[in-house]
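Data file: upload_9.txt. Format and content: compact mmCIF, C-alpha atoms.
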```txt
# COMPACT_ATOMS: atom_id res chain seq x y z
CA MET A 1 5.74 12.29 13.15
CA TRP A 2 4.37 11.93 9.63
CA GLN A 3 6.11 10.25 6.72
CA GLN A 4 4.87 9.51 3.23
CA VAL A 5 6.32 7.64 0.30
CA GLU A 6 5.03 6.66 -3.14
CA LEU A 7 5.47 3.06 -4.28
CA SER A 8 5.14 1.99 -7.92
CA LEU A 9 4.22 -1.66 -8.35
CA LYS A 10 5.19 -3.57 -11.46
CA PRO A 11 2.22 -4.54 -13.67
CA TYR A 12 0.44 -7.61 -12.33
CA ALA A 13 -1.84 -10.08 -14.11
CA ARG A 14 -5.57 -9.87 -13.38
CA GLY A 15 -6.21 -11.48 -9.98
CA PHE A 16 -5.14 -11.12 -6.37
CA HIS A 17 -1.47 -10.81 -5.41
CA LEU A 18 0.39 -10.77 -2.09
CA ILE A 19 2.30 -7.48 -1.76
CA THR A 20 3.18 -7.51 1.95
CA GLY A 21 6.89 -7.77 1.10
CA ASN A 22 6.77 -4.78 -1.26
CA ILE A 23 5.16 -2.67 1.46
CA GLU A 24 7.63 -3.78 4.12
CA GLN A 25 10.56 -2.98 1.86
CA ALA A 26 9.24 0.53 1.20
CA LEU A 27 8.73 1.06 4.94
CA SER A 28 12.30 -0.02 5.71
CA GLU A 29 13.52 3.17 4.06
CA LEU A 30 11.52 5.36 6.46
CA LEU A 31 12.35 6.34 10.04
CA PRO A 32 10.97 3.79 12.51
CA VAL A 33 7.72 4.50 14.33
CA HIS A 34 7.17 2.75 17.68
CA CYS A 35 3.39 3.06 17.97
CA GLY A 36 1.15 4.30 15.18
CA LEU A 37 -0.65 3.47 11.97
CA LEU A 38 0.28 2.58 8.41
CA HIS A 39 -2.13 3.78 5.73
CA VAL A 40 -1.82 2.40 2.19
CA PHE A 41 -3.79 4.04 -0.60
CA ILE A 42 -4.09 2.96 -4.24
CA GLN A 43 -4.53 5.81 -6.75
CA HIS A 44 -6.67 3.87 -9.24
CA SER A 45 -10.32 3.01 -9.79
CA SER A 46 -9.79 -0.45 -11.34
CA ALA A 47 -7.53 -2.03 -8.70
CA SER A 48 -8.02 -2.47 -4.97
CA LEU A 49 -6.33 -3.27 -1.66
CA THR A 50 -7.49 -5.81 0.90
CA ILE A 51 -6.12 -7.94 3.74
CA ASN A 52 -6.53 -11.71 3.69
CA GLU A 53 -4.89 -15.13 4.14
CA ASN A 54 -1.16 -15.03 3.43
CA ALA A 55 -0.23 -18.70 3.01
CA ASP A 56 -2.24 -20.61 0.43
CA PRO A 57 -2.33 -19.30 -3.15
CA THR A 58 -5.66 -21.07 -3.76
CA VAL A 59 -7.31 -18.44 -1.53
CA ARG A 60 -6.27 -15.75 -4.00
CA ASP A 61 -7.46 -17.88 -6.93
CA ASP A 62 -10.81 -18.61 -5.26
CA MET A 63 -11.25 -14.90 -4.52
CA GLU A 64 -10.73 -14.14 -8.21
CA ARG A 65 -13.22 -16.83 -9.28
CA HIS A 66 -15.81 -15.69 -6.75
CA PHE A 67 -15.60 -12.04 -7.74
CA ASN A 68 -15.82 -12.96 -11.44
CA GLN A 69 -19.00 -14.88 -10.68
CA PHE A 70 -20.66 -12.20 -8.58
CA VAL A 71 -19.46 -9.15 -10.50
CA PRO A 72 -19.93 -10.66 -13.96
CA GLU A 73 -18.67 -9.37 -17.27
CA ASN A 74 -21.21 -8.45 -19.95
CA ALA A 75 -24.12 -7.92 -17.56
CA SER A 76 -27.06 -6.62 -19.56
CA TYR A 77 -27.38 -3.58 -17.28
CA TYR A 78 -23.87 -2.17 -17.89
CA ARG A 79 -23.61 1.01 -19.96
CA HIS A 80 -19.95 1.86 -19.18
CA THR A 81 -18.36 -0.66 -21.57
CA TYR A 82 -16.03 1.53 -23.65
CA GLU A 83 -12.84 -0.18 -22.57
CA GLY A 84 -14.06 -3.77 -22.84
CA PRO A 85 -15.95 -6.31 -20.76
CA ASP A 86 -13.49 -6.06 -17.84
CA ASP A 87 -14.00 -2.28 -17.49
CA MET A 88 -17.15 -1.88 -15.41
CA PRO A 89 -16.63 -5.05 -13.30
CA ALA A 90 -13.20 -3.63 -12.35
CA HIS A 91 -14.82 -0.46 -11.00
CA ILE A 92 -17.42 -2.40 -9.00
CA LYS A 93 -14.83 -4.77 -7.51
CA THR A 94 -12.74 -1.76 -6.50
CA SER A 95 -15.60 -0.26 -4.49
CA ILE A 96 -16.52 -3.58 -2.88
CA LEU A 97 -12.95 -4.25 -1.76
CA GLY A 98 -11.76 -0.69 -1.20
CA SER A 99 -8.99 1.73 -2.13
CA SER A 100 -7.08 1.74 1.14
CA ILE A 101 -6.09 -0.38 4.09
CA SER A 102 -4.72 0.69 7.45
CA ILE A 103 -2.77 -1.42 9.90
CA PRO A 104 -1.55 -0.68 13.43
CA ILE A 105 2.19 -0.27 13.98
CA THR A 106 3.23 -1.82 17.30
CA ASN A 107 6.78 -1.93 18.66
CA GLY A 108 8.06 -0.64 15.33
CA LYS A 109 6.41 -3.29 13.15
CA ILE A 110 3.14 -3.54 11.20
CA ASN A 111 0.98 -5.60 13.50
CA LEU A 112 -0.71 -8.04 11.13
CA GLY A 113 -2.10 -11.29 12.50
CA LEU A 114 -0.14 -14.48 11.86
CA TRP A 115 -2.20 -15.38 8.78
CA GLN A 116 -2.76 -11.91 7.36
CA GLY A 117 -1.15 -10.47 4.25
CA ILE A 118 -1.77 -7.45 2.05
CA TYR A 119 -3.38 -8.16 -1.33
CA LEU A 120 -3.37 -6.11 -4.48
CA GLY A 121 -6.56 -6.79 -6.45
CA GLU A 122 -5.77 -6.19 -10.12
CA HIS A 123 -9.14 -6.10 -11.85
CA ARG A 124 -8.17 -5.25 -15.44
CA ASP A 125 -7.00 -7.80 -18.01
CA GLN A 126 -4.05 -5.57 -18.88
CA GLY A 127 -3.39 -3.51 -15.77
CA ASN A 128 -0.46 -1.13 -15.85
CA SER A 129 1.91 -0.29 -13.04
CA ARG A 130 -0.17 0.78 -10.03
CA THR A 131 0.86 3.58 -7.68
CA LEU A 132 0.44 3.32 -3.91
CA VAL A 133 0.84 6.14 -1.39
CA LEU A 134 2.08 4.94 2.00
CA THR A 135 1.56 7.22 5.00
CA ILE A 136 2.88 6.36 8.43
CA SER A 137 2.13 8.37 11.51
CA GLY A 138 2.83 7.73 15.16
CA GLU A 139 5.57 8.27 17.68
CA MET B 1 -0.73 11.47 21.45
CA TRP B 2 -0.87 7.82 20.43
CA GLN B 3 -2.29 4.99 22.51
CA GLN B 4 -2.80 1.36 21.64
CA VAL B 5 -4.44 -1.55 23.39
CA GLU B 6 -5.18 -5.14 22.48
CA LEU B 7 -8.67 -6.50 23.12
CA SER B 8 -9.47 -10.22 23.18
CA LEU B 9 -13.09 -11.00 22.42
CA LYS B 10 -14.74 -14.13 23.74
CA PRO B 11 -15.62 -16.66 21.03
CA TYR B 12 -18.83 -15.72 19.21
CA ALA B 13 -21.20 -17.89 17.18
CA ARG B 14 -21.16 -17.50 13.41
CA GLY B 15 -23.01 -14.30 12.50
CA PHE B 16 -22.91 -10.59 13.20
CA HIS B 17 -22.58 -9.26 16.76
CA LEU B 18 -22.73 -5.79 18.29
CA ILE B 19 -19.44 -5.04 20.07
CA THR B 20 -19.73 -1.28 20.58
CA GLY B 21 -19.83 -1.79 24.36
CA ASN B 22 -16.68 -3.93 24.37
CA ILE B 23 -14.81 -1.24 22.44
CA GLU B 24 -16.05 1.57 24.69
CA GLN B 25 -15.03 -0.35 27.79
CA ALA B 26 -11.49 -0.87 26.44
CA LEU B 27 -11.26 2.83 25.56
CA SER B 28 -12.31 3.86 29.07
CA GLU B 29 -8.97 2.56 30.33
CA LEU B 30 -7.01 4.92 28.06
CA LEU B 31 -6.28 8.61 28.51
CA PRO B 32 -9.05 10.75 27.00
CA VAL B 33 -8.56 12.30 23.56
CA HIS B 34 -10.55 15.44 22.76
CA CYS B 35 -10.35 15.39 18.95
CA GLY B 36 -8.97 12.49 16.94
CA LEU B 37 -9.61 9.07 15.49
CA LEU B 38 -10.21 5.57 16.77
CA HIS B 39 -8.87 2.76 14.60
CA VAL B 40 -9.98 -0.82 15.29
CA PHE B 41 -8.17 -3.67 13.54
CA ILE B 42 -8.99 -7.40 13.61
CA GLN B 43 -5.98 -9.72 13.32
CA HIS B 44 -7.77 -12.54 11.51
CA SER B 45 -8.67 -13.50 7.93
CA SER B 46 -12.01 -15.22 8.72
CA ALA B 47 -13.72 -12.50 10.76
CA SER B 48 -14.44 -8.88 9.94
CA LEU B 49 -15.46 -5.49 11.34
CA THR B 50 -18.20 -3.24 10.02
CA ILE B 51 -20.50 -0.45 11.18
CA ASN B 52 -24.27 -0.80 10.89
CA GLU B 53 -27.65 -0.44 12.55
CA ASN B 54 -27.43 -0.77 16.34
CA ALA B 55 -31.04 -1.34 17.43
CA ASP B 56 -32.81 -4.23 15.73
CA PRO B 57 -31.24 -7.70 15.94
CA THR B 58 -33.03 -8.76 12.74
CA VAL B 59 -30.61 -6.51 10.81
CA ARG B 60 -27.70 -8.67 11.99
CA ASP B 61 -29.64 -11.85 11.16
CA ASP B 62 -30.57 -10.58 7.69
CA MET B 63 -26.94 -9.62 7.07
CA GLU B 64 -25.88 -13.19 7.92
CA ARG B 65 -28.55 -14.67 5.62
CA HIS B 66 -27.67 -12.34 2.77
CA PHE B 67 -23.96 -13.04 2.96
CA ASN B 68 -24.61 -16.79 3.12
CA GLN B 69 -26.66 -16.48 -0.07
CA PHE B 70 -24.17 -14.37 -2.00
CA VAL B 71 -20.97 -15.94 -0.69
CA PRO B 72 -22.24 -19.53 -0.81
CA GLU B 73 -20.67 -22.60 0.72
CA ASN B 74 -19.62 -25.45 -1.58
CA ALA B 75 -19.35 -23.32 -4.72
CA SER B 76 -17.97 -25.51 -7.50
CA TYR B 77 -15.11 -23.05 -8.12
CA TYR B 78 -13.59 -23.22 -4.63
CA ARG B 79 -10.25 -25.02 -4.27
CA HIS B 80 -9.38 -23.84 -0.73
CA THR B 81 -11.67 -26.24 1.16
CA TYR B 82 -9.28 -27.92 3.61
CA GLU B 83 -10.98 -26.66 6.73
CA GLY B 84 -14.56 -27.30 5.65
CA PRO B 85 -17.30 -25.60 3.66
CA ASP B 86 -17.20 -22.44 5.83
CA ASP B 87 -13.46 -21.87 5.17
CA MET B 88 -13.32 -20.07 1.82
CA PRO B 89 -16.61 -18.15 2.24
CA ALA B 90 -15.18 -16.79 5.51
CA HIS B 91 -12.15 -15.38 3.68
CA ILE B 92 -14.30 -13.78 0.97
CA LYS B 93 -16.71 -12.22 3.48
CA THR B 94 -13.73 -10.80 5.37
CA SER B 95 -12.46 -8.97 2.29
CA ILE B 96 -15.92 -7.71 1.32
CA LEU B 97 -16.57 -6.31 4.80
CA GLY B 98 -13.04 -5.37 5.81
CA SER B 99 -10.49 -5.85 8.58
CA SER B 100 -10.67 -2.43 10.17
CA ILE B 101 -12.98 0.45 10.93
CA SER B 102 -12.14 3.99 11.95
CA ILE B 103 -14.38 6.47 13.73
CA PRO B 104 -13.88 10.14 14.58
CA ILE B 105 -13.41 11.08 18.23
CA THR B 106 -15.18 14.35 19.01
CA ASN B 107 -15.29 16.04 22.41
CA GLY B 108 -13.74 12.96 23.97
CA LYS B 109 -16.26 10.44 22.61
CA ILE B 110 -16.46 8.17 19.56
CA ASN B 111 -18.71 10.11 17.25
CA LEU B 112 -21.03 7.42 15.87
CA GLY B 113 -24.38 8.41 14.45
CA LEU B 114 -27.48 7.74 16.55
CA TRP B 115 -28.20 4.43 14.81
CA GLN B 116 -24.65 3.20 14.29
CA GLY B 117 -22.93 0.38 16.13
CA ILE B 118 -19.77 -1.66 15.64
CA TYR B 119 -20.28 -5.22 14.39
CA LEU B 120 -18.00 -8.20 14.63
CA GLY B 121 -18.61 -10.51 11.67
CA GLU B 122 -17.72 -14.03 12.78
CA HIS B 123 -17.59 -16.08 9.58
CA ARG B 124 -16.44 -19.48 10.87
CA ASP B 125 -18.78 -22.10 12.35
CA GLN B 126 -16.42 -22.51 15.30
CA GLY B 127 -14.58 -19.20 15.61
CA ASN B 128 -12.13 -18.85 18.45
CA SER B 129 -11.44 -15.78 20.52
CA ARG B 130 -10.65 -12.91 18.13
CA THR B 131 -8.00 -10.28 18.84
CA LEU B 132 -8.56 -6.60 18.08
CA VAL B 133 -5.92 -3.86 18.15
CA LEU B 134 -7.33 -0.45 19.10
CA THR B 135 -5.29 2.63 18.23
CA ILE B 136 -6.37 6.10 19.24
CA SER B 137 -4.62 9.23 18.14
CA GLY B 138 -5.51 12.87 18.52
CA GLU B 139 -5.09 15.68 20.99
CA MET C 1 -2.32 19.04 14.26
CA TRP C 2 -5.89 17.77 14.33
CA GLN C 3 -8.90 19.49 12.82
CA GLN C 4 -12.46 18.31 12.51
CA VAL C 5 -15.54 19.70 10.80
CA GLU C 6 -19.07 18.47 10.26
CA LEU C 7 -20.55 18.68 6.77
CA SER C 8 -24.29 18.39 6.07
CA LEU C 9 -25.08 17.23 2.57
CA LYS C 10 -28.34 18.15 0.89
CA PRO C 11 -30.68 15.19 0.35
CA TYR C 12 -29.69 13.14 -2.70
CA ALA C 13 -31.76 10.74 -4.80
CA ARG C 14 -31.09 7.01 -4.41
CA GLY C 15 -27.88 6.18 -6.27
CA PHE C 16 -24.24 7.16 -6.34
CA HIS C 17 -23.16 10.80 -6.38
CA LEU C 18 -19.81 12.55 -6.79
CA ILE C 19 -19.13 14.70 -3.70
CA THR C 20 -15.42 15.45 -4.15
CA GLY C 21 -16.21 19.15 -4.60
CA ASN C 22 -18.27 19.32 -1.41
CA ILE C 23 -15.40 17.78 0.55
CA GLU C 24 -12.79 20.08 -0.98
CA GLN C 25 -14.90 23.12 -0.19
CA ALA C 26 -15.24 22.09 3.46
CA LEU C 27 -11.48 21.50 3.67
CA SER C 28 -10.74 24.94 2.26
CA GLU C 29 -12.06 26.43 5.49
CA LEU C 30 -9.49 24.53 7.59
CA LEU C 31 -5.82 25.30 8.16
CA PRO C 32 -3.63 23.70 5.49
CA VAL C 33 -1.83 20.43 6.24
CA HIS C 34 1.32 19.67 4.23
CA CYS C 35 1.54 15.91 4.81
CA GLY C 36 -1.16 13.86 6.45
CA LEU C 37 -4.48 12.10 6.07
CA LEU C 38 -8.09 13.07 5.47
CA HIS C 39 -10.70 10.84 7.09
CA VAL C 40 -14.35 11.17 6.03
CA PHE C 41 -17.02 9.39 8.08
CA ILE C 42 -20.74 9.13 7.37
CA GLN C 43 -22.97 8.98 10.45
CA HIS C 44 -25.70 6.79 8.94
CA SER C 45 -26.42 3.10 8.40
CA SER C 46 -28.27 3.43 5.07
CA ALA C 47 -25.74 5.49 3.10
CA SER C 48 -22.09 4.85 2.33
CA LEU C 49 -18.84 6.39 1.11
CA THR C 50 -16.56 4.95 -1.57
CA ILE C 51 -13.91 6.09 -4.05
CA ASN C 52 -14.33 5.41 -7.77
CA GLU C 53 -14.16 6.78 -11.30
CA ASN C 54 -14.77 10.52 -11.44
CA ALA C 55 -15.51 11.22 -15.10
CA ASP C 56 -18.31 9.16 -16.62
CA PRO C 57 -21.75 9.27 -14.97
CA THR C 58 -22.62 5.84 -16.42
CA VAL C 59 -20.18 4.31 -13.90
CA ARG C 60 -22.35 5.62 -11.06
CA ASP C 61 -25.50 4.37 -12.81
CA ASP C 62 -24.00 0.93 -13.45
CA MET C 63 -22.91 0.73 -9.80
CA GLU C 64 -26.50 1.42 -8.73
CA ARG C 65 -27.88 -1.21 -11.13
CA HIS C 66 -25.32 -3.81 -10.05
CA PHE C 67 -25.95 -3.30 -6.34
CA ASN C 68 -29.71 -3.47 -6.90
CA GLN C 69 -29.22 -6.82 -8.64
CA PHE C 70 -26.92 -8.35 -6.03
CA VAL C 71 -28.50 -6.85 -2.93
CA PRO C 72 -32.10 -7.33 -4.07
CA GLU C 73 -35.25 -5.89 -2.57
CA ASN C 74 -37.89 -8.27 -1.24
CA ALA C 75 -35.51 -11.21 -0.71
CA SER C 76 -37.46 -13.99 0.98
CA TYR C 77 -34.90 -14.16 3.80
CA TYR C 78 -35.30 -10.55 5.00
CA ARG C 79 -37.02 -9.99 8.35
CA HIS C 80 -36.10 -6.31 8.84
CA THR C 81 -38.68 -4.83 6.45
CA TYR C 82 -40.48 -2.28 8.66
CA GLU C 83 -39.49 0.74 6.62
CA GLY C 84 -40.13 -0.71 3.18
CA PRO C 85 -38.35 -2.85 0.59
CA ASP C 86 -35.36 -0.47 0.38
CA ASP C 87 -34.68 -0.71 4.15
CA MET C 88 -32.63 -3.90 4.57
CA PRO C 89 -30.82 -3.66 1.19
CA ALA C 90 -29.67 -0.17 2.26
CA HIS C 91 -28.05 -1.60 5.40
CA ILE C 92 -26.32 -4.40 3.48
CA LYS C 93 -24.98 -2.02 0.79
CA THR C 94 -23.66 0.24 3.54
CA SER C 95 -21.58 -2.56 5.05
CA ILE C 96 -20.32 -3.77 1.66
CA LEU C 97 -19.20 -0.29 0.65
CA GLY C 98 -18.25 1.14 4.03
CA SER C 99 -18.88 4.09 6.31
CA SER C 100 -15.59 5.90 5.88
CA ILE C 101 -12.82 6.64 3.41
CA SER C 102 -9.34 7.99 4.04
CA ILE C 103 -7.07 9.71 1.57
CA PRO C 104 -3.45 10.86 1.88
CA ILE C 105 -2.77 14.60 1.96
CA THR C 106 0.40 15.44 0.02
CA ASN C 107 1.83 18.93 -0.46
CA GLY C 108 -1.32 20.39 1.03
CA LYS C 109 -3.80 18.62 -1.27
CA ILE C 110 -5.84 15.41 -1.10
CA ASN C 111 -3.78 13.04 -3.19
CA LEU C 112 -6.42 11.25 -5.26
CA GLY C 113 -5.42 9.59 -8.51
CA LEU C 114 -6.31 11.34 -11.76
CA TRP C 115 -9.50 9.30 -12.22
CA GLN C 116 -10.62 9.05 -8.60
CA GLY C 117 -13.52 10.85 -6.98
CA ILE C 118 -15.43 10.52 -3.72
CA TYR C 119 -18.91 8.97 -4.01
CA LEU C 120 -21.84 9.21 -1.66
CA GLY C 121 -23.93 6.06 -1.91
CA GLU C 122 -27.51 6.98 -1.04
CA HIS C 123 -29.31 3.68 -0.54
CA ARG C 124 -32.77 4.82 0.59
CA ASP C 125 -35.53 5.88 -1.79
CA GLN C 126 -36.11 9.00 0.27
CA GLY C 127 -32.81 9.74 1.98
CA ASN C 128 -32.61 12.82 4.13
CA SER C 129 -29.69 15.17 4.54
CA ARG C 130 -26.63 13.08 5.45
CA THR C 131 -23.99 14.23 7.94
CA LEU C 132 -20.28 13.68 7.35
CA VAL C 133 -17.49 14.19 9.89
CA LEU C 134 -14.19 15.24 8.29
CA THR C 135 -11.01 14.79 10.30
CA ILE C 136 -7.63 15.93 9.02
CA SER C 137 -4.40 15.23 10.78
CA GLY C 138 -0.82 15.78 9.74
CA GLU C 139 1.81 18.46 9.85
```
Whole structure given in structure tokens:
Amino acid sequence: MWQQVELSLKPYARGFHLITGNIEQALSELLPVHCGLLHVFIQHSSASLTINENADPTVRDDMERHFNQFVPENASYYRHTYEGPDDMPAHIKTSILGSSISIPITNGKINLGLWQGIYLGEHRDQGNSRTLVLTISGE
Amino acid sequence: MWQQVELSLKPYARGFHLITGNIEQALSELLPVHCGLLHVFIQHSSASLTINENADPTVRDDMERHFNQFVPENASYYRHTYEGPDDMPAHIKTSILGSSISIPITNGKINLGLWQGIYLGEHRDQGNSRTLVLTISGE
Amino acid sequence: MWQQVELSLKPYARGFHLITGNIEQALSELLPVHCGLLHVFIQHSSASLTINENADPTVRDDMERHFNQFVPENASYYRHTYEGPDDMPAHIKTSILGSSISIPITNGKINLGLWQGIYLGEHRDQGNSRTLVLTISGE
């Protein structure tokens, strides 16, 4: 059984944001799957998806500060700078973190660990609404 | 056909460890799939999964040294430091490397390249037993 | 419905290369899937797959320059240097970027965003032909 749904997120500020609840709400409108996989894909090249600690907001803030340090703005070697200093770093962060996540579905629920949540990485200063494609398969 | 099994790894020292054999052993207890995919998910936010060179242990050691250099402990910008200097770097490494891998199954076997193996990245000084969820689907 | 095909890429120069067209051509020889997932796996530990901006070649060049800066050659901490200064950095880049991508299939087509393309990351100076395994599943 295959089901797919598109999910439009509201615009988020630059940084990392917990979106586990948004995903779960979108899934609640689909037929239940007992055993399978959830695949979440982001259709953008300046925003990313990753799984990390779900409890302490300072983790998300530290992630943002680390990535700003190690994927700096205004590096002398950038040529793709048309859309501002956040343009090229946003692309690099997207490839480091990735454009999709996948999570097992067990007994009808996404089987995250106790401390895991789904993060949106918004890497532009003025990111627009981001579109996700959720695919669930299983039986 | 969908099958899922949980695999508890023994505690590993901080660093990268080849766990291809552990995965293959867990799969041997499932019904064979001719053509499909294996998905391996780690239910933790301080340990990761990745695929890399399977022969020379210095690759795993160099990986550990590189990540320690580029995701340093005690960075001045960290706020999430409650559990010690290895806490926040472990979260960042997890997102850079990822929480899942997926590998094609071809003719009943996981279709890794000749030099590929599955690594556990243990990013805490004192990591506990880590839980993996293996999902195989196919026909 | 599960289908799998192997795709041999011609040797590419070190750097990032758009291979969306190669993937689409290989898929055109398979039976169409209305709703599902495409999984692309690279069977090597010195080359990677990632999804990023599909229009401006300077993005690929800036990616190469950034990764060369932050995964340097000749780092004093490398021990795995048998095959030259590009050897160990190639392994590290592969784990940072990843060995597989997966993309939703919607209405019979891979559902990339408008600005997304599939990149091969060739991390060796003299990379050979690289083998991909494409798996599509769905209905």
Take the point (-1.3, -11.0, -2.9) as written in the file and pick out every residue within 10 Å of it, counting all atoms listed in the file; give the list as a count of residues only.
23
For region 92-104 of chain B, work out the shell of residues within 6 Å, counting all atoms listed in the file and skipping chain neighbours fewer than 4 positions away, then give it as a list in words.
Ile96 and Leu97 of chain A; Gly36, Leu37, Leu38, His39, Val40, Phe41, Ile42, Ser46, Ala47, Ser48, Leu49, Ile110 and Asn111 of chain B; Ile96 of chain C
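Here CA of Arg124 (chain B) and CA of Gln69 (chain A) stand 22.2 Å from one another.
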As an exercise, work out the distance from CA of Asp86 (chain C) to CA of His123 (chain C) in Å and give it to one decimal place.
7.4 Å
Contacts of Asn128 (chain A) at 8 Å (only C-alpha atoms; same-chain gap of 2+ positions) as a PDB file with C-alpha atoms, in the coordinates of the input:
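What follows is the written file result-v5.pdb:
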```pdb
ATOM      1  CA  LYS A  10       5.190  -3.570 -11.460  1.00  0.00           C
ATOM      2  CA  PRO A  11       2.220  -4.540 -13.670  1.00  0.00           C
ATOM      3  CA  TYR A  12       0.440  -7.610 -12.330  1.00  0.00           C
ATOM      4  CA  GLN A 126      -4.050  -5.570 -18.880  1.00  0.00           C
ATOM      5  CA  ARG A 130      -0.170   0.780 -10.030  1.00  0.00           C
TER       6      ARG A 130
END
```
Would you mind telling me which residue in A:Gln43, A:Val33, A:Pro89, A:Ala75 lies nearest to chain B when using only C-alpha atoms?
A:Val33
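Across the structure, CA of Thr58 (chain C) and CA of Arg14 (chain C) are spaced 14.7 Å apart.
With all atoms listed in the file as the basis for measurement, C:Phe67 is the residue among C:Tyr82, C:Phe67, C:Trp2, C:Tyr77 that approaches chain A most closely.
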Counting only C-alpha atoms, the residue among A:Thr81, A:Asn107, A:Gln116, A:Ser137 that lies closest to chain B is A:Gln116
Centre and edge lengths of an axis-aligned box around all listed atoms of region 95-103 of chain C, with 4 Å added on each side, are to be given in Å to one decimal, as JSON.
```
{"center_x": -14.3, "center_y": 3.0, "center_z": 3.5, "size_x": 22.5, "size_y": 21.5, "size_z": 13.7}
```
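Comparing B:Ile23, B:Ser8, B:Asp56, B:His34 by their smallest distance to His91 (chain C), the closest is B:Asp56 (using only C-alpha atoms).
When only C-alpha atoms are used to compute distances to His44 (chain C), the closest of the residues C:Asn68, C:Gln25, C:Ala90, C:Glu139 turns out to be C:Ala90.
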Spatial neighbours of Leu9 (chain B), max dist 8 Å, all atoms listed in the file, sep filter under 3 positions, as number ranges by chain
B: 129-132
Between C:Gly113, C:Gly108, C:Gly138, C:Pro72, which one has atoms that come closest to Pro32 (chain C), using only C-alpha atoms?
C:Gly108
Please fill the gaps in region 68-79 of chain B so it has N, CA, C and O atoms, and write that as a PDB file, in the frame of the given file.
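In the end it all went to out22.pdb:
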```
ATOM      1  N   ASN B  68     -24.631 -15.343   3.377  1.00  0.00           N
ATOM      2  CA  ASN B  68     -24.610 -16.790   3.120  1.00  0.00           C
ATOM      3  C   ASN B  68     -25.159 -17.123   1.735  1.00  0.00           C
ATOM      4  O   ASN B  68     -24.760 -18.108   1.119  1.00  0.00           O
ATOM      5  N   GLN B  69     -26.091 -16.294   1.267  1.00  0.00           N
ATOM      6  CA  GLN B  69     -26.660 -16.480  -0.070  1.00  0.00           C
ATOM      7  C   GLN B  69     -25.655 -16.070  -1.142  1.00  0.00           C
ATOM      8  O   GLN B  69     -25.465 -16.781  -2.122  1.00  0.00           O
ATOM      9  N   PHE B  70     -24.986 -14.957  -0.930  1.00  0.00           N
ATOM     10  CA  PHE B  70     -24.170 -14.370  -2.000  1.00  0.00           C
ATOM     11  C   PHE B  70     -22.697 -14.732  -1.887  1.00  0.00           C
ATOM     12  O   PHE B  70     -21.923 -14.443  -2.795  1.00  0.00           O
ATOM     13  N   VAL B  71     -22.310 -15.328  -0.787  1.00  0.00           N
ATOM     14  CA  VAL B  71     -20.970 -15.940  -0.690  1.00  0.00           C
ATOM     15  C   VAL B  71     -21.237 -17.379  -0.239  1.00  0.00           C
ATOM     16  O   VAL B  71     -21.065 -17.732   0.926  1.00  0.00           O
ATOM     17  N   PRO B  72     -21.692 -18.229  -1.184  1.00  0.00           N
ATOM     18  CA  PRO B  72     -22.240 -19.530  -0.810  1.00  0.00           C
ATOM     19  C   PRO B  72     -21.144 -20.509  -0.359  1.00  0.00           C
ATOM     20  O   PRO B  72     -19.977 -20.366  -0.719  1.00  0.00           O
ATOM     21  N   GLU B  73     -21.533 -21.471   0.438  1.00  0.00           N
ATOM     22  CA  GLU B  73     -20.670 -22.600   0.720  1.00  0.00           C
ATOM     23  C   GLU B  73     -20.717 -23.564  -0.471  1.00  0.00           C
ATOM     24  O   GLU B  73     -21.673 -23.569  -1.249  1.00  0.00           O
ATOM     25  N   ASN B  74     -19.659 -24.372  -0.589  1.00  0.00           N
ATOM     26  CA  ASN B  74     -19.620 -25.450  -1.580  1.00  0.00           C
ATOM     27  C   ASN B  74     -19.757 -24.976  -3.032  1.00  0.00           C
ATOM     28  O   ASN B  74     -20.227 -25.728  -3.881  1.00  0.00           O
ATOM     29  N   ALA B  75     -19.340 -23.743  -3.322  1.00  0.00           N
ATOM     30  CA  ALA B  75     -19.350 -23.320  -4.720  1.00  0.00           C
ATOM     31  C   ALA B  75     -18.382 -24.214  -5.498  1.00  0.00           C
ATOM     32  O   ALA B  75     -17.316 -24.577  -4.988  1.00  0.00           O
ATOM     33  N   SER B  76     -18.764 -24.546  -6.720  1.00  0.00           N
ATOM     34  CA  SER B  76     -17.970 -25.510  -7.500  1.00  0.00           C
ATOM     35  C   SER B  76     -16.579 -24.974  -7.803  1.00  0.00           C
ATOM     36  O   SER B  76     -15.663 -25.731  -8.080  1.00  0.00           O
ATOM     37  N   TYR B  77     -16.406 -23.637  -7.731  1.00  0.00           N
ATOM     38  CA  TYR B  77     -15.110 -23.050  -8.120  1.00  0.00           C
ATOM     39  C   TYR B  77     -14.132 -22.914  -6.956  1.00  0.00           C
ATOM     40  O   TYR B  77     -13.020 -22.452  -7.167  1.00  0.00           O
ATOM     41  N   TYR B  78     -14.525 -23.313  -5.756  1.00  0.00           N
ATOM     42  CA  TYR B  78     -13.590 -23.220  -4.630  1.00  0.00           C
ATOM     43  C   TYR B  78     -12.557 -24.347  -4.668  1.00  0.00           C
ATOM     44  O   TYR B  78     -12.916 -25.514  -4.885  1.00  0.00           O
ATOM     45  N   ARG B  79     -11.302 -24.014  -4.423  1.00  0.00           N
ATOM     46  CA  ARG B  79     -10.250 -25.020  -4.270  1.00  0.00           C
ATOM     47  C   ARG B  79      -9.768 -25.075  -2.809  1.00  0.00           C
ATOM     48  O   ARG B  79      -9.289 -26.099  -2.341  1.00  0.00           O
TER      49      ARG B  79
END
```
